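A.B. asks: Below you'll find the structure I mean.
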Amino acid sequence: MLIEALLSGVVLGGMYALVAIGLTLQYGVAPIMNLSYGDLLIAAAFAAHWLFTAAGIGPLAGLVLVVPAAFAASWLVYRILLAPLVRRAKTRDALEVDSILATFGLLFVLQGVMLVLFGGAYYSYSYLAVPVHVLGATLAANRLLALAFAAVLGVLLWLGLTRTRAGTAVRAVAVDPVSAQLVAIDVRATAALAFALGGALVAAGGVLVSMFLTFNANIGVVFTMKALIVVIMGGVGNMLGCMVAGLILGLTETAVATWVDPGLTLAATYAIFLTVLLIRPEGLFGRSGR
């Protein structure tokens, strides 16, 4: 049972980390506090469900369709809805307030569209739900596959950010957008790219999560809040911090659900979150004075 709980916690934590990395890109680079973030995850999960049940396209193949569509949609949202807010905001604090209000409205738009299309029922589908034995524990193959793909996506993102000119520009804007302009970096285009990448990552997370979790049109806010917790716990803008905080959250929730009470997982999540904030307000890997 211990090994099974650890593996389940790593899988869940890996999903949290993947989703949170997208949010830390959006907030750390754009900088936009996107409250509709979790609803895009649920939209991607519904897309994967529809592709599998109606068109016979598996979720892994569906990634090829859903992820680029989410990238394009997120880029358009930034350019049409958020870029005007960026241009008129006089300070970062003012932009954060405006972006919170704008994306809060977008949250209800996305949620309303999904409710019209799918109703309030819970959805799921069976894909590779076969037992796999690992170190004496039994885990569904779809969970292990989701973890493997999340790890691959994380590595690809890290390579893109550290080995390409576009990735270097993204990191430069995250550190200091004013100085980035001095070396001929288009800050607005880079911010749009980071926001779109965040949307693509959360959509990938939605497709992977749909393989083993039930979902409905109303639970996007849960994923938004957990992504925020992971981002803040790990340190805003820090990918390694997101990974570590996501794993901590996943292992904690699984341990509490296994040995205490499944109803206390949310309480345990916030207890860990508050403890980290009390000890390190800047996050586990954050820089003080940011």
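Every chain in the structure tokens takes a letter, A first, then B, and so on in the order presented; its residues are numbered from 1, and the ligands are numbered from 1 following the presented order.
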Using only C-alpha atoms, determine which residues lie at most 7 Å from Ala217 in chain A, disregarding the query and same-chain residues fewer than 5 positions distant; provide the list as a list in words.
C.D. replies: Ile42, Gln111, Met114, Leu115 and Gly120 of chain A
A.B. asks: Keeping C-alpha atoms for every residue in the selection just given, could you write it to a file as a PDB file, in the first residue's frame?
C.D. replies:
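That gives us selection08.pdb:
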```pdb
ATOM      1  CA  ILE A  42     -11.449  21.203 -18.453  1.00  0.00           C
ATOM      2  CA  GLN A 111     -17.780  27.620 -18.069  1.00  0.00           C
ATOM      3  CA  MET A 114     -19.174  24.030 -21.552  1.00  0.00           C
ATOM      4  CA  LEU A 115     -22.392  23.851 -19.523  1.00  0.00           C
ATOM      5  CA  GLY A 120     -23.370  19.596 -15.420  1.00  0.00           C
TER       6      GLY A 120
END
```
A.B. asks: Got a sec to tell me which of range 80-264 of chain A DSSP assigns to strand (DSSP E or B), as a ChimeraX atom specification?
C.D. replies: /A:123,131-134,137-140,215
A.B. asks: Within 12 Å of range 58-64 of chain A, which residues of range 100-143 of chain A come that close, and what is the closest atom pair and distance in Å for each? Count only C-alpha atoms and give it as a Markdown table.
C.D. replies:
```
| residue | atom | partner | partner_atom | distance |
| --- | --- | --- | --- | --- |
| A:Tyr125 | CA | A:Pro59 | CA | 10.3 |
| A:Ser126 | CA | A:Gly58 | CA | 10.4 |
| A:Tyr127 | CA | A:Gly58 | CA | 7.8 |
| A:Leu128 | CA | A:Gly58 | CA | 10.0 |
| A:Asn142 | CA | A:Pro59 | CA | 10.3 |
```
A.B. asks: What would the file look like if the residues just selected were written as an mmCIF file, in the first residue's frame with N, CA and C atoms?
C.D. replies:
```cif
data_model
loop_
_atom_site.group_PDB
_atom_site.id
_atom_site.type_symbol
_atom_site.label_atom_id
_atom_site.label_comp_id
_atom_site.auth_asym_id
_atom_site.auth_seq_id
_atom_site.Cartn_x
_atom_site.Cartn_y
_atom_site.Cartn_z
ATOM 1 N N TYR A 125 -13.951 8.380 -19.490
ATOM 2 C CA TYR A 125 -13.905 7.338 -20.508
ATOM 3 C C TYR A 125 -12.802 6.367 -20.145
ATOM 4 N N SER A 126 -12.894 5.178 -20.679
ATOM 5 C CA SER A 126 -11.933 4.133 -20.334
ATOM 6 C C SER A 126 -10.867 4.040 -21.417
ATOM 7 N N TYR A 127 -9.636 4.363 -21.031
ATOM 8 C CA TYR A 127 -8.519 4.290 -21.969
ATOM 9 C C TYR A 127 -7.310 3.700 -21.244
ATOM 10 N N LEU A 128 -6.892 2.529 -21.649
ATOM 11 C CA LEU A 128 -5.758 1.823 -21.041
ATOM 12 C C LEU A 128 -5.914 1.701 -19.521
ATOM 13 N N ASN A 142 -2.926 3.866 -17.645
ATOM 14 C CA ASN A 142 -3.152 5.236 -18.129
ATOM 15 C C ASN A 142 -2.507 6.277 -17.214
#
```
A.B. asks: So which residues touch Leu117 in chain A within 12 Å, counting only C-alpha atoms, skipping near sequence neighbours fewer than 6 positions away, as a list of chain:residue names?
C.D. replies: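 The residues satisfying every condition are A:Ala43, A:Phe46, A:Ala47, A:Trp50, A:Leu110, A:Gln111, A:Asn216, A:Ala217.
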A.B. asks: Keeping only C-alpha atoms, take the residues you just selected and write them out as a PDB file, in the first residue's frame.
C.D. replies:
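Result file is part_35.pdb:
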```pdb
ATOM      1  CA  ALA A  43     -12.185  22.352 -22.014  1.00  0.00           C
ATOM      2  CA  PHE A  46     -13.879  17.596 -22.865  1.00  0.00           C
ATOM      3  CA  ALA A  47     -12.171  17.838 -26.260  1.00  0.00           C
ATOM      4  CA  TRP A  50     -15.246  13.941 -27.557  1.00  0.00           C
ATOM      5  CA  LEU A 110     -15.793  29.264 -20.826  1.00  0.00           C
ATOM      6  CA  GLN A 111     -17.780  27.620 -18.069  1.00  0.00           C
ATOM      7  CA  ASN A 216     -17.426  18.249 -15.288  1.00  0.00           C
ATOM      8  CA  ALA A 217     -17.852  21.813 -16.499  1.00  0.00           C
TER       9      ALA A 217
END
```
A.B. asks: Please, what distance in Å, to one decimal, runs between CA of Val134 in chain A and CA of Val155 in chain A?
C.D. replies: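 Pair CA of Val134 in chain A / CA of Val155 in chain A returns 23.4 Å.
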A.B. asks: Taking only C-alpha atoms into account, name the residue in A:Ala55, A:Ala129, A:Ala150, A:Leu7 that is nearest to Ala203 in chain A.
C.D. replies: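 Counting only C-alpha atoms, the residue closest to Ala203 in chain A is A:Ala150.
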A.B. asks: Looking at only C-alpha atoms, which of A:Pro131, A:Pro31, A:Gly199, A:Pro68 is the one that sits closest to Val86 in chain A?
C.D. replies: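 Using only C-alpha atoms, the shortest distance to Val86 in chain A belongs to A:Pro31.
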A.B. asks: With distances taken over only C-alpha atoms, which of A:Ala69, A:Val222, A:Leu157, A:Ala196 is nearest to Leu82 in chain A?
C.D. replies: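 Once distances to Leu82 in chain A are computed over only C-alpha atoms, the minimum belongs to A:Ala196.
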A.B. asks: Using only C-alpha atoms, which protein or nucleic acid residues come within 7 Å of Thr103 in chain A? Drop anything in the same chain fewer than 3 positions from it, and give the result as a ChimeraX atom specification.
C.D. replies: /A:34-36,99-100,106-107
A.B. asks: Mind the document's chain letters and residue numbers, and return as a PyMOL selection string the residues of range 85-237 of chain A that DSSP labels alpha helix (DSSP H).
C.D. replies: chain A and resi 85-88+92-118+141-163+165-175+177-182+187-210+220-234
A.B. asks: Leaving out Val209 in chain A and any residue of its chain fewer than 3 positions from it, which residues lie within 9 Å of it when counting only C-alpha atoms, given as an MDAnalysis selection string?
C.D. replies: chainID A and resid 12 15 41 45 143 146 204:206 212:214
A.B. asks: How would the residues just picked look written out with all heavy atoms as a PDB file, in the first residue's frame?
C.D. replies:
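Result file is result-v6.pdb:
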```pdb
ATOM      1  N   LEU A  12      -0.089  12.101  -9.532  1.00  0.00           N
ATOM      2  CA  LEU A  12      -0.910  13.285  -9.300  1.00  0.00           C
ATOM      3  C   LEU A  12      -0.045  14.541  -9.202  1.00  0.00           C
ATOM      4  O   LEU A  12      -0.367  15.587  -9.771  1.00  0.00           O
ATOM      5  CB  LEU A  12      -1.720  13.107  -8.018  1.00  0.00           C
ATOM      6  CG  LEU A  12      -2.772  14.180  -7.712  1.00  0.00           C
ATOM      7  CD1 LEU A  12      -3.805  14.257  -8.826  1.00  0.00           C
ATOM      8  CD2 LEU A  12      -3.463  13.869  -6.377  1.00  0.00           C
ATOM      9  N   MET A  15       1.079  15.740 -12.591  1.00  0.00           N
ATOM     10  CA  MET A  15       0.030  16.488 -13.291  1.00  0.00           C
ATOM     11  C   MET A  15      -0.062  17.918 -12.760  1.00  0.00           C
ATOM     12  O   MET A  15      -0.166  18.886 -13.522  1.00  0.00           O
ATOM     13  CB  MET A  15      -1.323  15.786 -13.123  1.00  0.00           C
ATOM     14  CG  MET A  15      -1.424  14.420 -13.780  1.00  0.00           C
ATOM     15  SD  MET A  15      -1.142  14.457 -15.576  1.00  0.00           S
ATOM     16  CE  MET A  15       0.532  13.835 -15.643  1.00  0.00           C
ATOM     17  N   LEU A  41      -8.200  23.858 -18.968  1.00  0.00           N
ATOM     18  CA  LEU A  41      -7.866  22.454 -18.721  1.00  0.00           C
ATOM     19  C   LEU A  41      -9.093  21.571 -18.910  1.00  0.00           C
ATOM     20  O   LEU A  41      -9.035  20.524 -19.564  1.00  0.00           O
ATOM     21  CB  LEU A  41      -7.285  22.289 -17.313  1.00  0.00           C
ATOM     22  CG  LEU A  41      -6.853  20.888 -16.893  1.00  0.00           C
ATOM     23  CD1 LEU A  41      -5.651  20.967 -15.945  1.00  0.00           C
ATOM     24  CD2 LEU A  41      -7.966  20.114 -16.197  1.00  0.00           C
ATOM     25  N   ALA A  45     -10.011  18.640 -21.590  1.00  0.00           N
ATOM     26  CA  ALA A  45     -10.470  17.310 -21.183  1.00  0.00           C
ATOM     27  C   ALA A  45     -11.748  16.921 -21.940  1.00  0.00           C
ATOM     28  O   ALA A  45     -11.892  15.784 -22.399  1.00  0.00           O
ATOM     29  CB  ALA A  45     -10.721  17.286 -19.677  1.00  0.00           C
ATOM     30  N   ARG A 143      -2.441   6.002 -15.917  1.00  0.00           N
ATOM     31  CA  ARG A 143      -1.789   6.938 -15.000  1.00  0.00           C
ATOM     32  C   ARG A 143      -0.284   6.993 -15.245  1.00  0.00           C
ATOM     33  O   ARG A 143       0.321   8.074 -15.255  1.00  0.00           O
ATOM     34  CB  ARG A 143      -2.068   6.531 -13.548  1.00  0.00           C
ATOM     35  CG  ARG A 143      -3.522   6.750 -13.117  1.00  0.00           C
ATOM     36  CD  ARG A 143      -3.761   6.235 -11.717  1.00  0.00           C
ATOM     37  NE  ARG A 143      -5.103   6.537 -11.266  1.00  0.00           N
ATOM     38  CZ  ARG A 143      -5.439   7.569 -10.489  1.00  0.00           C
ATOM     39  NH1 ARG A 143      -4.484   8.386 -10.067  1.00  0.00           N
ATOM     40  NH2 ARG A 143      -6.687   7.780 -10.133  1.00  0.00           N
ATOM     41  N   ALA A 146       0.323   8.830 -18.447  1.00  0.00           N
ATOM     42  CA  ALA A 146       0.149  10.275 -18.265  1.00  0.00           C
ATOM     43  C   ALA A 146       1.371  10.887 -17.597  1.00  0.00           C
ATOM     44  O   ALA A 146       1.829  11.965 -17.988  1.00  0.00           O
ATOM     45  CB  ALA A 146      -1.104  10.543 -17.423  1.00  0.00           C
ATOM     46  N   ALA A 204      -2.530  20.327 -22.508  1.00  0.00           N
ATOM     47  CA  ALA A 204      -1.909  19.003 -22.467  1.00  0.00           C
ATOM     48  C   ALA A 204      -2.222  18.317 -21.140  1.00  0.00           C
ATOM     49  O   ALA A 204      -2.533  17.115 -21.102  1.00  0.00           O
ATOM     50  CB  ALA A 204      -0.395  19.128 -22.648  1.00  0.00           C
ATOM     51  N   GLY A 205      -2.158  19.094 -20.043  1.00  0.00           N
ATOM     52  CA  GLY A 205      -2.523  18.537 -18.749  1.00  0.00           C
ATOM     53  C   GLY A 205      -3.966  18.078 -18.717  1.00  0.00           C
ATOM     54  O   GLY A 205      -4.287  17.031 -18.132  1.00  0.00           O
ATOM     55  N   GLY A 206      -4.869  18.835 -19.345  1.00  0.00           N
ATOM     56  CA  GLY A 206      -6.275  18.450 -19.378  1.00  0.00           C
ATOM     57  C   GLY A 206      -6.495  17.147 -20.120  1.00  0.00           C
ATOM     58  O   GLY A 206      -7.276  16.289 -19.684  1.00  0.00           O
ATOM     59  N   PHE A 212      -7.762   9.496 -16.610  1.00  0.00           N
ATOM     60  CA  PHE A 212      -7.965   8.731 -15.370  1.00  0.00           C
ATOM     61  C   PHE A 212      -8.795   9.454 -14.311  1.00  0.00           C
ATOM     62  O   PHE A 212      -9.015   8.903 -13.233  1.00  0.00           O
ATOM     63  CB  PHE A 212      -6.616   8.324 -14.763  1.00  0.00           C
ATOM     64  CG  PHE A 212      -5.701   9.476 -14.428  1.00  0.00           C
ATOM     65  CD1 PHE A 212      -5.757  10.074 -13.190  1.00  0.00           C
ATOM     66  CD2 PHE A 212      -4.778   9.940 -15.350  1.00  0.00           C
ATOM     67  CE1 PHE A 212      -4.918  11.121 -12.865  1.00  0.00           C
ATOM     68  CE2 PHE A 212      -3.926  10.983 -15.035  1.00  0.00           C
ATOM     69  CZ  PHE A 212      -3.994  11.577 -13.793  1.00  0.00           C
ATOM     70  N   LEU A 213      -9.251  10.660 -14.576  1.00  0.00           N
ATOM     71  CA  LEU A 213     -10.095  11.372 -13.623  1.00  0.00           C
ATOM     72  C   LEU A 213     -11.447  11.699 -14.240  1.00  0.00           C
ATOM     73  O   LEU A 213     -11.546  11.920 -15.448  1.00  0.00           O
ATOM     74  CB  LEU A 213      -9.435  12.677 -13.162  1.00  0.00           C
ATOM     75  CG  LEU A 213      -8.209  12.582 -12.263  1.00  0.00           C
ATOM     76  CD1 LEU A 213      -7.741  13.992 -11.899  1.00  0.00           C
ATOM     77  CD2 LEU A 213      -8.487  11.787 -11.006  1.00  0.00           C
ATOM     78  N   THR A 214     -12.491  11.725 -13.411  1.00  0.00           N
ATOM     79  CA  THR A 214     -13.781  12.221 -13.869  1.00  0.00           C
ATOM     80  C   THR A 214     -13.787  13.744 -13.767  1.00  0.00           C
ATOM     81  O   THR A 214     -13.087  14.321 -12.937  1.00  0.00           O
ATOM     82  CB  THR A 214     -14.928  11.643 -13.026  1.00  0.00           C
ATOM     83  OG1 THR A 214     -14.723  11.985 -11.647  1.00  0.00           O
ATOM     84  CG2 THR A 214     -14.995  10.129 -13.148  1.00  0.00           C
TER      85      THR A 214
END
```
A.B. asks: Against range 267-283 of chain A, which residues of range 172-238 of chain A fall within 8 Å? For each one I want the closest pair of atoms and the distance in Å (one decimal), counting only C-alpha atoms, rows by chain and increasing residue number, as a tab-separated table.
C.D. replies:
```
residue	atom	partner	partner_atom	distance
A:Ile229	CA	A:Phe273	CA	6.7
A:Ile232	CA	A:Gly283	CA	5.8
A:Met233	CA	A:Gly283	CA	4.6
A:Gly234	CA	A:Gly283	CA	5.0
A:Gly235	CA	A:Gly283	CA	4.2
A:Val236	CA	A:Gly283	CA	7.5
```
A.B. asks: If you keep all heavy atoms, can you produce a file of those selected residues as a JSON list (two decimals), in the first residue's frame?
C.D. replies:
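Written file, selection-v8.json:
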```json
[["chain", "number", "residue", "atom", "x", "y", "z"],
["A", 229, "ILE", "N", -1.60, 27.54, -5.97],
["A", 229, "ILE", "CA", -0.91, 27.09, -4.76],
["A", 229, "ILE", "C", 0.48, 26.56, -5.10],
["A", 229, "ILE", "O", 1.47, 26.89, -4.44],
["A", 229, "ILE", "CB", -1.75, 26.01, -4.04],
["A", 229, "ILE", "CG1", -2.99, 26.65, -3.40],
["A", 229, "ILE", "CG2", -0.92, 25.28, -2.99],
["A", 229, "ILE", "CD1", -3.95, 25.64, -2.82],
["A", 232, "ILE", "N", 2.85, 29.49, -6.13],
["A", 232, "ILE", "CA", 3.27, 30.31, -5.00],
["A", 232, "ILE", "C", 4.17, 29.52, -4.06],
["A", 232, "ILE", "O", 5.18, 30.04, -3.56],
["A", 232, "ILE", "CB", 2.04, 30.85, -4.24],
["A", 232, "ILE", "CG1", 1.25, 31.79, -5.16],
["A", 232, "ILE", "CG2", 2.45, 31.59, -2.98],
["A", 232, "ILE", "CD1", -0.10, 32.20, -4.60],
["A", 233, "MET", "N", 3.84, 28.24, -3.83],
["A", 233, "MET", "CA", 4.69, 27.41, -2.97],
["A", 233, "MET", "C", 6.09, 27.25, -3.56],
["A", 233, "MET", "O", 7.10, 27.32, -2.85],
["A", 233, "MET", "CB", 4.06, 26.03, -2.79],
["A", 233, "MET", "CG", 3.00, 25.94, -1.71],
["A", 233, "MET", "SD", 2.35, 24.25, -1.57],
["A", 233, "MET", "CE", 3.84, 23.33, -1.19],
["A", 234, "GLY", "N", 6.15, 27.03, -4.87],
["A", 234, "GLY", "CA", 7.45, 26.78, -5.49],
["A", 234, "GLY", "C", 8.26, 28.03, -5.70],
["A", 234, "GLY", "O", 9.49, 27.97, -5.77],
["A", 235, "GLY", "N", 7.58, 29.19, -5.79],
["A", 235, "GLY", "CA", 8.27, 30.43, -6.10],
["A", 235, "GLY", "C", 7.86, 30.88, -7.49],
["A", 235, "GLY", "O", 8.08, 30.15, -8.46],
["A", 236, "VAL", "N", 7.28, 32.07, -7.58],
["A", 236, "VAL", "CA", 6.75, 32.54, -8.86],
["A", 236, "VAL", "C", 7.85, 32.60, -9.92],
["A", 236, "VAL", "O", 8.92, 33.17, -9.69],
["A", 236, "VAL", "CB", 6.11, 33.94, -8.68],
["A", 236, "VAL", "CG1", 5.66, 34.49, -10.02],
["A", 236, "VAL", "CG2", 4.93, 33.86, -7.71]]
```
A.B. asks: Nearest to Ala245 in chain A: which of A:Ala151, A:Met33, A:Leu139, A:Ala17 is it, counting only C-alpha atoms?
C.D. replies: A:Ala17
A.B. asks: Which residue is closest to Phe149 in chain A? Choose from A:Ile248, A:Ala54, A:Val260, A:Val11 and count only C-alpha atoms.
C.D. replies: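 Smallest distance to Phe149 in chain A is found for A:Val11.
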A.B. asks: Give me the residues near range 21-28 of chain A as a list in words, where near means some atom within 8 Å (using only C-alpha atoms) and where sequence neighbours in that chain fewer than 6 positions away do not count.
C.D. replies: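 Selected residues are Asn34, Tyr37, Ala174, Ala191, Ala194, Phe195, Leu197, Gly198, Gly199, Ala200, Leu201, Val202, Ala227, Leu228, Val231, Val236, Gly237, Asn238, Met239, Cys242 and Met243 of chain A.
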A.B. asks: Report the distance between CA of Leu156 in chain A and CA of Val175 in chain A in Å, rounded to one decimal place.
C.D. replies: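 Separation between CA of Leu156 in chain A and CA of Val175 in chain A: 21.1 Å.
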A.B. asks: Given only C-alpha atoms as the basis, pick out the residue of A:Gly246, A:Ala48, A:Gly136, A:Tyr78 nearest to Ala189 in chain A.
C.D. replies: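 Closest candidate: A:Tyr78.
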A.B. asks: What is the distance, in Å and to one decimal place, between CA of Val113 in chain A and CA of Ile57 in chain A?
C.D. replies: 22.9 Å
